[in-house]
>>> print(open('run-v7.txt').read())   # compact mmCIF, C-alpha atoms and all ligand atoms
# COMPACT_ATOMS: atom_id res chain seq x y z
CA MET A 10 -82.62 97.58 -0.55
CA ARG A 11 -85.18 100.10 -1.68
CA LYS A 12 -86.04 97.88 -4.61
CA SER A 13 -86.70 94.86 -2.42
CA PHE A 14 -88.90 96.97 -0.14
CA PHE A 15 -90.85 98.12 -3.16
CA LEU A 16 -91.20 94.52 -4.39
CA ALA A 17 -92.43 93.38 -0.98
CA PHE A 18 -94.95 96.20 -0.98
CA LEU A 19 -96.02 95.29 -4.51
CA ALA A 20 -96.37 91.62 -3.60
CA THR A 21 -98.56 92.50 -0.60
CA PHE A 22 -100.67 94.73 -2.78
CA LEU A 23 -101.10 91.98 -5.39
CA VAL A 24 -102.01 89.37 -2.80
CA LEU A 25 -104.62 91.71 -1.29
CA GLN A 26 -106.02 92.49 -4.69
CA LEU A 27 -106.17 88.81 -5.65
CA SER A 28 -107.95 87.79 -2.47
CA ALA A 29 -110.47 90.56 -3.06
CA GLN A 30 -110.96 89.09 -6.50
CA GLY A 31 -111.41 85.68 -4.98
CA GLY A 32 -114.45 87.18 -3.27
CA GLU A 33 -115.28 87.69 0.39
CA LYS A 34 -118.63 86.11 -0.33
CA VAL A 35 -119.49 82.61 0.80
CA PHE A 36 -120.90 80.53 -2.02
CA ALA A 37 -122.76 77.25 -1.80
CA LEU A 38 -122.71 75.31 -5.05
CA ARG A 39 -125.62 72.87 -5.08
CA CYS A 40 -124.38 70.20 -7.49
CA GLY A 41 -126.68 67.48 -8.88
CA SER A 42 -123.58 65.33 -8.85
CA VAL A 43 -119.86 65.78 -8.29
CA PHE A 44 -116.78 64.13 -9.71
CA ASP A 45 -114.23 65.30 -7.16
CA GLY A 46 -111.16 63.59 -8.63
CA ARG A 47 -110.51 61.67 -5.41
CA SER A 48 -112.68 58.66 -6.23
CA ASP A 49 -113.55 57.15 -9.61
CA SER A 50 -117.30 57.72 -9.36
CA VAL A 51 -119.72 60.60 -9.06
CA ARG A 52 -121.59 61.46 -5.84
CA SER A 53 -125.14 62.81 -5.97
CA ASN A 54 -126.54 65.94 -4.32
CA VAL A 55 -123.41 67.55 -2.94
CA VAL A 56 -123.10 71.13 -1.73
CA ILE A 57 -119.64 72.64 -2.23
CA VAL A 58 -119.01 75.52 0.16
CA VAL A 59 -116.57 78.16 -1.11
CA GLU A 60 -115.07 80.87 1.06
CA GLU A 61 -112.32 83.39 0.30
CA GLY A 62 -111.51 81.75 -2.99
CA LYS A 63 -111.02 78.30 -1.50
CA ILE A 64 -113.09 75.18 -1.03
CA LYS A 65 -114.18 75.15 2.61
CA SER A 66 -116.14 71.93 2.75
CA THR A 67 -118.43 69.56 0.92
CA ALA A 68 -121.73 68.95 2.68
CA ASP A 69 -125.39 68.02 2.24
CA THR A 70 -126.82 71.43 3.07
CA ALA A 71 -125.82 75.03 2.49
CA PRO A 72 -124.67 77.14 5.46
CA ALA A 73 -126.87 80.08 6.46
CA GLY A 74 -126.11 83.31 4.61
CA ALA A 75 -124.27 81.68 1.72
CA GLU A 76 -125.08 82.72 -1.82
CA ILE A 77 -126.56 79.61 -3.41
CA ILE A 78 -125.67 78.67 -6.97
CA ASP A 79 -128.12 76.18 -8.41
CA LEU A 80 -126.27 73.43 -10.31
CA THR A 81 -128.77 70.70 -9.45
CA HIS A 82 -128.99 69.65 -13.09
CA GLU A 83 -125.22 69.63 -13.50
CA THR A 84 -122.14 67.53 -12.80
CA CYS A 85 -119.49 69.57 -10.97
CA LEU A 86 -115.81 68.85 -11.63
CA PRO A 87 -112.44 70.31 -10.63
CA GLY A 88 -111.39 73.20 -12.90
CA LEU A 89 -109.81 71.84 -16.08
CA ILE A 90 -106.13 72.26 -16.85
CA ASP A 91 -104.71 72.41 -20.38
CA THR A 92 -100.97 71.80 -20.12
CA HIS A 93 -100.12 72.70 -23.72
CA THR A 94 -101.51 75.88 -25.27
CA HIS A 95 -100.40 78.82 -27.43
CA ILE A 96 -102.54 81.84 -26.69
CA LEU A 97 -100.40 83.98 -29.01
CA LEU A 98 -101.22 81.79 -32.01
CA GLN A 99 -104.40 81.68 -34.11
CA GLY A 100 -104.02 78.32 -35.86
CA ASP A 101 -101.25 77.24 -38.22
CA ILE A 102 -102.44 74.38 -40.37
CA THR A 103 -100.21 75.53 -43.23
CA ALA A 104 -96.80 77.21 -43.21
CA ALA A 105 -98.41 80.25 -44.85
CA ASP A 106 -100.82 80.67 -41.89
CA TYR A 107 -97.83 80.78 -39.59
CA ASP A 108 -95.62 83.06 -41.68
CA GLU A 109 -98.44 85.53 -42.12
CA GLN A 110 -98.90 85.92 -38.36
CA LEU A 111 -95.20 86.56 -37.79
CA LEU A 112 -94.72 88.82 -40.82
CA LYS A 113 -97.94 90.81 -40.90
CA GLN A 114 -99.13 91.05 -37.31
CA SER A 115 -97.32 93.13 -34.73
CA PRO A 116 -96.61 91.52 -31.35
CA GLU A 117 -98.94 94.15 -29.87
CA TYR A 118 -101.83 93.10 -32.11
CA ARG A 119 -101.11 89.45 -31.39
CA THR A 120 -101.22 90.21 -27.67
CA ILE A 121 -104.67 91.76 -28.05
CA LEU A 122 -105.83 88.56 -29.77
CA ALA A 123 -104.20 86.53 -26.99
CA THR A 124 -106.33 88.25 -24.36
CA VAL A 125 -109.42 87.10 -26.26
CA ASN A 126 -108.04 83.55 -26.41
CA ALA A 127 -107.34 83.60 -22.67
CA ARG A 128 -110.95 84.51 -22.04
CA ARG A 129 -112.10 81.76 -24.40
CA ALA A 130 -109.95 79.19 -22.58
CA LEU A 131 -111.52 80.16 -19.26
CA GLU A 132 -115.04 80.00 -20.68
CA TYR A 133 -114.37 76.52 -22.10
CA GLY A 134 -113.64 75.50 -18.48
CA PHE A 135 -109.83 75.70 -18.41
CA THR A 136 -109.09 77.50 -15.16
CA SER A 137 -105.32 76.87 -15.50
CA ILE A 138 -103.09 76.54 -18.54
CA ARG A 139 -99.44 75.98 -19.28
CA ASP A 140 -98.75 78.13 -22.33
CA LEU A 141 -95.84 76.62 -24.23
CA GLU A 142 -94.26 79.54 -26.05
CA THR A 143 -95.33 82.66 -27.89
CA GLU A 144 -94.29 81.71 -31.45
CA GLY A 145 -92.37 84.89 -32.15
CA ALA A 146 -94.30 87.23 -29.86
CA GLY A 147 -91.45 87.57 -27.39
CA TYR A 148 -92.43 87.78 -23.73
CA ALA A 149 -96.06 88.73 -24.37
CA ASP A 150 -97.28 85.61 -22.52
CA ALA A 151 -95.66 86.84 -19.31
CA ASP A 152 -97.61 90.10 -19.65
CA VAL A 153 -100.92 88.33 -20.34
CA LYS A 154 -100.25 86.20 -17.27
CA LYS A 155 -99.58 89.36 -15.26
CA ALA A 156 -102.77 91.06 -16.49
CA ILE A 157 -104.83 88.00 -15.52
CA GLY A 158 -103.11 87.69 -12.16
CA ASN A 159 -103.78 91.38 -11.42
CA GLY A 160 -107.46 90.99 -12.33
CA VAL A 161 -107.16 93.33 -15.33
CA ILE A 162 -108.57 90.77 -17.80
CA PRO A 163 -110.35 87.43 -17.32
CA GLY A 164 -108.38 84.30 -18.08
CA PRO A 165 -106.97 81.09 -16.67
CA ARG A 166 -104.12 80.93 -14.16
CA MET A 167 -101.01 80.65 -16.33
CA GLN A 168 -97.58 79.12 -16.37
CA VAL A 169 -95.62 80.42 -19.36
CA ALA A 170 -92.61 79.38 -21.43
CA THR A 171 -91.90 82.70 -23.22
CA ARG A 172 -89.74 82.27 -26.35
CA ALA A 173 -88.68 78.58 -26.52
CA LEU A 174 -85.38 77.34 -27.96
CA ASP A 175 -84.29 75.75 -31.21
CA VAL A 176 -81.12 75.63 -33.34
CA THR A 177 -80.17 77.49 -36.49
CA GLY A 178 -82.14 76.41 -39.54
CA ALA A 179 -84.67 74.31 -37.67
CA TYR A 180 -87.63 76.55 -36.92
CA PRO A 181 -89.83 78.82 -39.04
CA LEU A 182 -89.65 81.26 -40.59
CA VAL A 183 -87.41 79.33 -43.00
CA GLY A 184 -87.01 79.19 -46.77
CA TYR A 185 -86.57 82.90 -47.41
CA ALA A 186 -83.68 84.33 -49.43
CA PRO A 187 -80.47 84.40 -47.35
CA ASN A 188 -80.18 88.18 -47.68
CA ILE A 189 -83.60 88.75 -46.08
CA VAL A 190 -83.79 88.86 -42.32
CA VAL A 191 -87.01 87.21 -41.10
CA PRO A 192 -88.34 86.70 -37.58
CA HIS A 193 -88.31 83.27 -35.95
CA GLY A 194 -90.90 81.58 -33.82
CA VAL A 195 -88.27 80.75 -31.20
CA GLN A 196 -84.99 82.01 -29.76
CA ILE A 197 -82.25 80.46 -31.90
CA VAL A 198 -79.27 79.11 -29.97
CA ASP A 199 -76.28 77.00 -30.94
CA GLY A 200 -73.92 75.38 -28.50
CA ALA A 201 -74.24 74.68 -24.80
CA ASP A 202 -73.10 78.13 -23.67
CA GLN A 203 -75.56 80.05 -25.85
CA ALA A 204 -78.31 77.68 -24.72
CA ARG A 205 -77.51 78.32 -21.06
CA GLN A 206 -77.48 82.06 -21.64
CA ALA A 207 -80.90 81.90 -23.32
CA VAL A 208 -82.32 79.87 -20.42
CA ARG A 209 -81.04 82.54 -18.01
CA GLU A 210 -82.52 85.33 -20.13
CA GLN A 211 -85.91 83.68 -20.46
CA ILE A 212 -86.16 82.91 -16.76
CA SER A 213 -85.15 86.49 -15.90
CA HIS A 214 -88.00 87.75 -18.11
CA GLY A 215 -90.65 85.54 -16.53
CA ALA A 216 -90.45 82.05 -18.05
CA ASP A 217 -91.89 79.42 -15.68
CA TRP A 218 -90.96 76.65 -18.09
CA ILE A 219 -88.23 76.30 -20.69
CA LYS A 220 -89.56 74.89 -23.93
CA VAL A 221 -87.19 73.16 -26.35
CA TYR A 222 -87.82 71.82 -29.81
CA SER A 223 -85.93 68.55 -29.89
CA ASP A 224 -86.78 67.25 -33.35
CA ARG A 225 -88.12 68.11 -36.80
CA SER A 226 -88.58 66.76 -40.33
CA TYR A 227 -90.58 63.57 -39.86
CA ARG A 228 -90.79 60.44 -41.99
CA VAL A 229 -92.05 56.92 -41.40
CA ARG A 230 -89.32 54.28 -41.65
CA GLU A 231 -89.99 50.93 -43.32
CA ASP A 232 -90.36 49.28 -39.92
CA GLY A 233 -93.13 51.76 -39.03
CA VAL A 234 -91.03 53.83 -36.65
CA LEU A 235 -91.46 57.60 -36.92
CA ASP A 236 -88.03 59.04 -37.73
CA ASP A 237 -86.83 62.62 -37.30
CA ILE A 238 -83.85 64.93 -37.43
CA PRO A 239 -82.84 65.76 -33.87
CA THR A 240 -82.23 69.50 -33.45
CA PHE A 241 -80.03 69.91 -30.38
CA THR A 242 -77.07 67.67 -29.69
CA PRO A 243 -77.34 65.64 -26.47
CA GLU A 244 -74.71 67.95 -24.96
CA GLU A 245 -76.80 71.06 -25.75
CA LEU A 246 -79.96 69.46 -24.37
CA ARG A 247 -78.20 68.44 -21.17
CA ALA A 248 -76.94 72.02 -20.73
CA ILE A 249 -80.48 73.40 -21.13
CA VAL A 250 -81.98 70.94 -18.64
CA ASP A 251 -79.14 71.44 -16.18
CA GLU A 252 -79.41 75.23 -16.31
CA ALA A 253 -83.21 75.23 -15.96
CA HIS A 254 -83.18 72.75 -13.08
CA ARG A 255 -80.35 74.62 -11.37
CA GLU A 256 -82.66 77.65 -11.37
CA ARG A 257 -85.60 75.51 -10.10
CA HIS A 258 -87.46 75.61 -13.40
CA LYS A 259 -88.74 72.77 -15.55
CA VAL A 260 -88.25 71.81 -19.19
CA ALA A 261 -90.92 70.85 -21.71
CA SER A 262 -89.63 69.17 -24.85
CA HIS A 263 -91.41 69.17 -28.18
CA ALA A 264 -90.43 65.68 -29.31
CA MET A 265 -92.55 63.80 -31.81
CA ALA A 266 -90.33 60.97 -32.96
CA VAL A 267 -87.73 58.39 -32.09
CA ASN A 268 -84.53 60.45 -31.72
CA GLY A 269 -85.99 63.64 -30.32
CA VAL A 270 -87.82 61.74 -27.61
CA HIS A 271 -84.83 59.57 -26.77
CA ASN A 272 -82.43 62.53 -26.47
CA SER A 273 -84.96 64.43 -24.34
CA VAL A 274 -85.56 61.53 -21.96
CA GLU A 275 -81.82 60.94 -21.63
CA ALA A 276 -81.27 64.65 -20.92
CA GLY A 277 -83.85 64.49 -18.13
CA VAL A 278 -86.59 66.85 -19.38
CA ASP A 279 -89.78 67.08 -17.32
CA SER A 280 -92.37 66.57 -20.05
CA ILE A 281 -92.51 65.14 -23.56
CA GLU A 282 -94.87 67.11 -25.79
CA HIS A 283 -96.72 65.30 -28.61
CA GLY A 284 -94.64 62.09 -28.51
CA ASN A 285 -96.23 60.56 -31.59
CA TYR A 286 -93.66 57.78 -31.48
CA ILE A 287 -91.88 56.75 -28.30
CA ALA A 288 -89.74 53.61 -28.13
CA ASP A 289 -90.61 51.13 -25.36
CA GLN A 290 -87.30 51.67 -23.57
CA ASP A 291 -87.97 55.42 -23.41
CA LEU A 292 -91.50 54.80 -22.09
CA ARG A 293 -89.94 52.71 -19.34
CA SER A 294 -87.50 55.52 -18.50
CA MET A 295 -90.34 58.06 -18.47
CA ALA A 296 -92.36 55.91 -16.06
CA GLU A 297 -89.33 55.35 -13.87
CA HIS A 298 -88.29 59.04 -13.70
CA GLY A 299 -91.79 60.53 -13.61
CA ILE A 300 -91.45 62.30 -16.95
CA PHE A 301 -94.90 63.40 -18.11
CA TYR A 302 -96.35 62.58 -21.53
CA VAL A 303 -98.57 65.29 -23.06
CA PRO A 304 -99.88 63.61 -26.20
CA THR A 305 -101.96 66.40 -27.88
CA ILE A 306 -103.98 63.98 -30.00
CA PHE A 307 -106.77 66.15 -31.36
CA VAL A 308 -104.51 68.74 -33.01
CA GLY A 309 -102.79 65.96 -34.98
CA GLU A 310 -106.09 64.86 -36.45
CA TYR A 311 -107.12 68.46 -37.01
CA VAL A 312 -104.04 69.54 -39.00
CA ALA A 313 -103.39 66.22 -40.80
CA GLN A 314 -105.54 66.71 -43.89
CA GLY A 315 -104.39 70.30 -44.44
CA ARG A 316 -100.74 69.37 -44.12
CA ALA A 317 -101.18 66.31 -46.38
CA ALA A 318 -102.74 68.56 -49.01
CA GLU A 319 -99.69 70.81 -48.69
CA GLY A 320 -97.46 67.83 -49.63
CA ALA A 321 -96.74 66.24 -46.22
CA PRO A 322 -98.81 63.01 -46.10
CA VAL A 323 -96.73 61.81 -43.13
CA TRP A 324 -99.12 63.77 -40.85
CA VAL A 325 -101.94 61.36 -41.74
CA LYS A 326 -99.80 58.26 -41.02
CA MET A 327 -98.71 59.78 -37.72
CA ILE A 328 -102.23 59.42 -36.30
CA GLN A 329 -102.09 55.59 -36.20
CA ILE A 330 -98.54 55.64 -34.89
CA HIS A 331 -99.71 58.04 -32.18
CA GLU A 332 -102.55 55.76 -31.10
CA ASP A 333 -100.20 52.80 -30.77
CA THR A 334 -97.76 54.89 -28.70
CA PHE A 335 -100.55 56.19 -26.47
CA ARG A 336 -101.74 52.65 -25.71
CA ARG A 337 -98.17 51.49 -24.98
CA ALA A 338 -97.64 54.51 -22.71
CA MET A 339 -100.75 53.64 -20.70
CA LYS A 340 -99.57 50.07 -20.34
CA ALA A 341 -96.10 51.23 -19.27
CA GLY A 342 -97.61 53.37 -16.51
CA VAL A 343 -96.37 56.72 -17.86
CA LYS A 344 -98.06 59.78 -16.34
CA ILE A 345 -100.24 61.22 -19.11
CA ALA A 346 -101.33 64.85 -18.78
CA PHE A 347 -104.04 66.54 -20.81
CA GLY A 348 -102.73 69.05 -23.36
CA THR A 349 -104.22 70.27 -26.60
CA ASP A 350 -101.85 72.58 -28.54
CA ALA A 351 -104.77 75.04 -28.79
CA GLY A 352 -103.58 77.89 -30.97
CA GLY A 353 -102.07 75.26 -33.26
CA PHE A 354 -105.75 75.09 -34.20
CA ASP A 355 -108.22 77.94 -34.09
CA TRP A 356 -109.28 79.00 -30.58
CA LYS A 357 -112.88 79.08 -31.79
CA VAL A 358 -112.66 75.25 -31.73
CA ASN A 359 -113.18 73.98 -28.19
CA PRO A 360 -109.93 72.28 -27.04
CA ALA A 361 -112.03 69.99 -24.81
CA LYS A 362 -112.42 67.82 -27.91
CA GLU A 363 -109.16 66.30 -26.70
CA PHE A 364 -111.13 64.36 -24.06
CA SER A 365 -112.94 62.39 -26.77
CA SER A 366 -109.65 61.81 -28.60
CA MET A 367 -108.09 60.34 -25.44
CA VAL A 368 -111.05 58.03 -24.94
CA LYS A 369 -110.93 56.98 -28.58
CA PHE A 370 -107.25 56.05 -28.06
CA GLY A 371 -108.10 53.83 -25.09
CA MET A 372 -108.59 55.83 -21.89
CA THR A 373 -111.74 55.54 -19.82
CA PRO A 374 -113.62 58.83 -19.33
CA VAL A 375 -112.39 58.87 -15.70
CA GLN A 376 -108.77 58.51 -16.83
CA ALA A 377 -109.17 61.32 -19.38
CA ILE A 378 -110.69 63.66 -16.76
CA ARG A 379 -107.93 62.77 -14.30
CA ALA A 380 -105.36 63.65 -16.98
CA ALA A 381 -106.86 67.17 -17.12
CA THR A 382 -107.19 67.62 -13.36
CA VAL A 383 -105.11 65.60 -10.87
CA THR A 384 -102.26 64.65 -13.24
CA ALA A 385 -102.14 68.07 -14.90
CA ALA A 386 -102.02 69.73 -11.46
CA GLU A 387 -99.07 67.51 -10.61
CA LEU A 388 -97.32 68.51 -13.84
CA LEU A 389 -97.78 72.18 -12.87
CA GLY A 390 -96.35 71.41 -9.43
CA MET A 391 -99.66 72.59 -7.91
CA ARG A 392 -101.15 69.39 -6.61
CA ASP A 393 -101.54 70.95 -3.15
CA SER A 394 -103.89 73.63 -4.44
CA LEU A 395 -105.44 72.31 -7.68
CA GLY A 396 -106.77 69.17 -9.36
CA THR A 397 -109.44 67.89 -6.96
CA ILE A 398 -112.49 69.19 -5.16
CA GLU A 399 -111.52 68.99 -1.51
CA PRO A 400 -111.32 71.36 1.46
CA GLY A 401 -108.35 73.73 1.41
CA LYS A 402 -107.84 73.71 -2.34
CA LEU A 403 -108.45 76.71 -4.58
CA ALA A 404 -112.10 76.98 -5.63
CA ASP A 405 -111.58 76.13 -9.29
CA ILE A 406 -114.82 74.38 -10.18
CA VAL A 407 -116.62 73.78 -13.46
CA ALA A 408 -119.87 72.04 -14.36
CA VAL A 409 -121.38 70.30 -17.36
CA PRO A 410 -125.08 69.56 -18.00
CA GLY A 411 -124.77 65.74 -18.29
CA ASN A 412 -122.69 62.87 -16.95
CA PRO A 413 -119.21 62.94 -18.53
CA LEU A 414 -118.43 59.45 -17.20
CA THR A 415 -121.03 57.99 -19.56
CA ASP A 416 -120.67 60.62 -22.31
CA ILE A 417 -117.21 62.18 -22.50
CA SER A 418 -118.35 64.77 -25.08
CA GLN A 419 -120.09 66.51 -22.16
CA MET A 420 -116.66 67.98 -21.41
CA GLU A 421 -117.19 70.22 -24.45
CA LYS A 422 -120.32 71.66 -22.81
CA VAL A 423 -118.95 73.38 -19.71
CA ASP A 424 -121.52 76.02 -18.72
CA PHE A 425 -120.35 76.95 -15.22
CA VAL A 426 -116.87 78.26 -14.46
CA MET A 427 -115.49 79.37 -11.11
CA LYS A 428 -111.83 80.28 -10.67
CA ALA A 429 -110.48 80.96 -7.18
CA GLY A 430 -114.00 81.58 -5.95
CA MET A 431 -114.94 84.03 -8.72
CA VAL A 432 -117.80 83.08 -11.05
CA TYR A 433 -117.02 83.65 -14.72
CA ARG A 434 -119.85 81.69 -16.30
CA LYS A 435 -123.23 80.41 -15.13
CA PRO A 436 -125.75 78.09 -16.81
ZN ZN R 501 -97.37 73.41 -29.27
>>> encode(input="run-v7.txt", output="structure tokens")
Amino acid sequence: MRKSFFLAFLATFLVLQLSAQGGEKVFALRCGSVFDGRSDSVRSNVVIVVEEGKIKSTADTAPAGAEIIDLTHETCLPGLIDTHTHILLQGDITAADYDEQLLKQSPEYRTILATVNARRALEYGFTSIRDLETEGAGYADADVKKAIGNGVIPGPRMQVATRALDVTGAYPLVGYAPNIVVPHGVQIVDGADQARQAVREQISHGADWIKVYSDRSYRVREDGVLDDIPTFTPEELRAIVDEAHRERHKVASHAMAVNGVHNSVEAGVDSIEHGNYIADQDLRSMAEHGIFYVPTIFVGEYVAQGRAAEGAPVWVKMIQIHEDTFRRAMKAGVKIAFGTDAGGFDWKVNPAKEFSSMVKFGMTPVQAIRAATVTAAELLGMRDSLGTIEPGKLADIVAVPGNPLTDISQMEKVDFVMKAGMVYRKP
């Protein structure tokens, strides 16, 4: 009883603090042009009025008394959403890069680095992210999310996955002598009961999403299909999805190849991460059941050469397979959400390079921007408050100096960032 009173008090306090952060001020953003995410074109000379952290209206003129922000040489867009990040990771092209972070950096030090990455993400224009597991840093993502939410540090709005799940022997650190106990980048579980228990634990410690690794060890078959070793049995995967859904949480599945994807789709996960190869029948099921595809193209290109040099040339071949899958997914009408795997590459590299990768693989610039706004907001379950510029939605607005519909690389040049009515970056 006393605890619930305290929680209610705390919640009220947080809400008050957040709205103060959102700013009492009325802003008028004078945009040279706007892509609002509702139509497929840009509109010229639009004033976006922002009040109490929300979009109040779009108009031709600014209301009296509003603080005017001059973006007349800019294109304004809805705040960008990256649905696949790792703020606790600093790039892992080689296994050694990864092992070093888990063996030589404390979770506390990694959390300090994560706060810097969160700030970087926001400054690149990502006002919301779904962070898909801490890679051995425990529940640190839930704390970074809390610090951002409380206005302690700048960063995007976050949904977090905490520790992720995989089976014995499948996830690094691996390859050490059996008598040496090493940390793992995930919570190891075997069997449906252990998996359910881990889902309950992770949710109780703040996981918004449950992340599972559904496959590993990739090779290209003679018929060109990308083959894998599935990690969980279908029974284990079904238990994970059932437990998460029962607790009103969603499941993201790392699945790069034929079996991992198939088992995940059959188990009813909510998003397929990477999906370098997806069979046509699984694409049809994904379209039918509204399972999202988060392709993370750029990271594949970025790590391919390094991993090939380390003796895994399959990563180079995967790029063509990925392009073919991406084009088939578009044709099949699968919902494709923008996600980058940032952290899998260095956070100093702007994850917005993914926009160009999506266009190279066959999307129009409008489709790529929609993937990072409207569709990504839907994946987060926040379509009512995010993803478009329209009255009543949260004032998450970014701007770029050129027209991204004619030059998609403009998305790498975000120079204005507003999140919930607070300005974090100005041209
Ligand atoms: Zn990832």
>>> closest_residue(input="run-v7.txt", among="A:Val274, A:Gln206, A:Ala313, A:Lys428", to="Gly160 (chain A)", atoms="all atoms listed in the file")
A:Lys428
>>> closest_residue(input="run-v7.txt", among="A:Glu319, A:Asp416, A:Asp140, A:Asp69", to="ligand ZN 501 (chain R)", atoms="only C-alpha atoms and all ligand atoms")
A:Asp140
>>> residues_near_ligand(input="run-v7.txt", ligand="ligand ZN 501 (chain R)", cutoff="9 Å", atoms="all atoms listed in the file", output="PDB file with C-alpha atoms, in the frame of the given file")
ATOM      1  CA  HIS A  93    -100.120  72.700 -23.720  1.00  0.00           C
ATOM      2  CA  THR A  94    -101.510  75.880 -25.270  1.00  0.00           C
ATOM      3  CA  HIS A  95    -100.400  78.820 -27.430  1.00  0.00           C
ATOM      4  CA  ASP A 140     -98.750  78.130 -22.330  1.00  0.00           C
ATOM      5  CA  LEU A 141     -95.840  76.620 -24.230  1.00  0.00           C
ATOM      6  CA  GLU A 142     -94.260  79.540 -26.050  1.00  0.00           C
ATOM      7  CA  HIS A 263     -91.410  69.170 -28.180  1.00  0.00           C
ATOM      8  CA  GLU A 282     -94.870  67.110 -25.790  1.00  0.00           C
ATOM      9  CA  HIS A 283     -96.720  65.300 -28.610  1.00  0.00           C
ATOM     10  CA  THR A 305    -101.960  66.400 -27.880  1.00  0.00           C
ATOM     11  CA  THR A 349    -104.220  70.270 -26.600  1.00  0.00           C
ATOM     12  CA  ASP A 350    -101.850  72.580 -28.540  1.00  0.00           C
ATOM     13  CA  ALA A 351    -104.770  75.040 -28.790  1.00  0.00           C
ATOM     14  CA  GLY A 352    -103.580  77.890 -30.970  1.00  0.00           C
ATOM     15  CA  GLY A 353    -102.070  75.260 -33.260  1.00  0.00           C
TER      16      GLY A 353
END
>>> atom_distance(input="run-v7.txt", atom1="CA of Leu86 (chain A)", atom2="CA of Val368 (chain A)")
17.8 Å
>>> closest_residue(input="run-v7.txt", among="A:Ala321, A:Ala207, A:Ala381, A:Val375", to="Ile417 (chain A)", atoms="all atoms listed in the file")
A:Val375
>>> closest_residue(input="run-v7.txt", among="A:Ile77, A:Val323, A:Met265, A:Leu246", to="Val278 (chain A)", atoms="all atoms listed in the file")
A:Leu246
>>> closest_residue(input="run-v7.txt", among="A:Met327, A:Ala408, A:Ile300, A:Ala73", to="Val312 (chain A)", atoms="only C-alpha atoms")
A:Met327
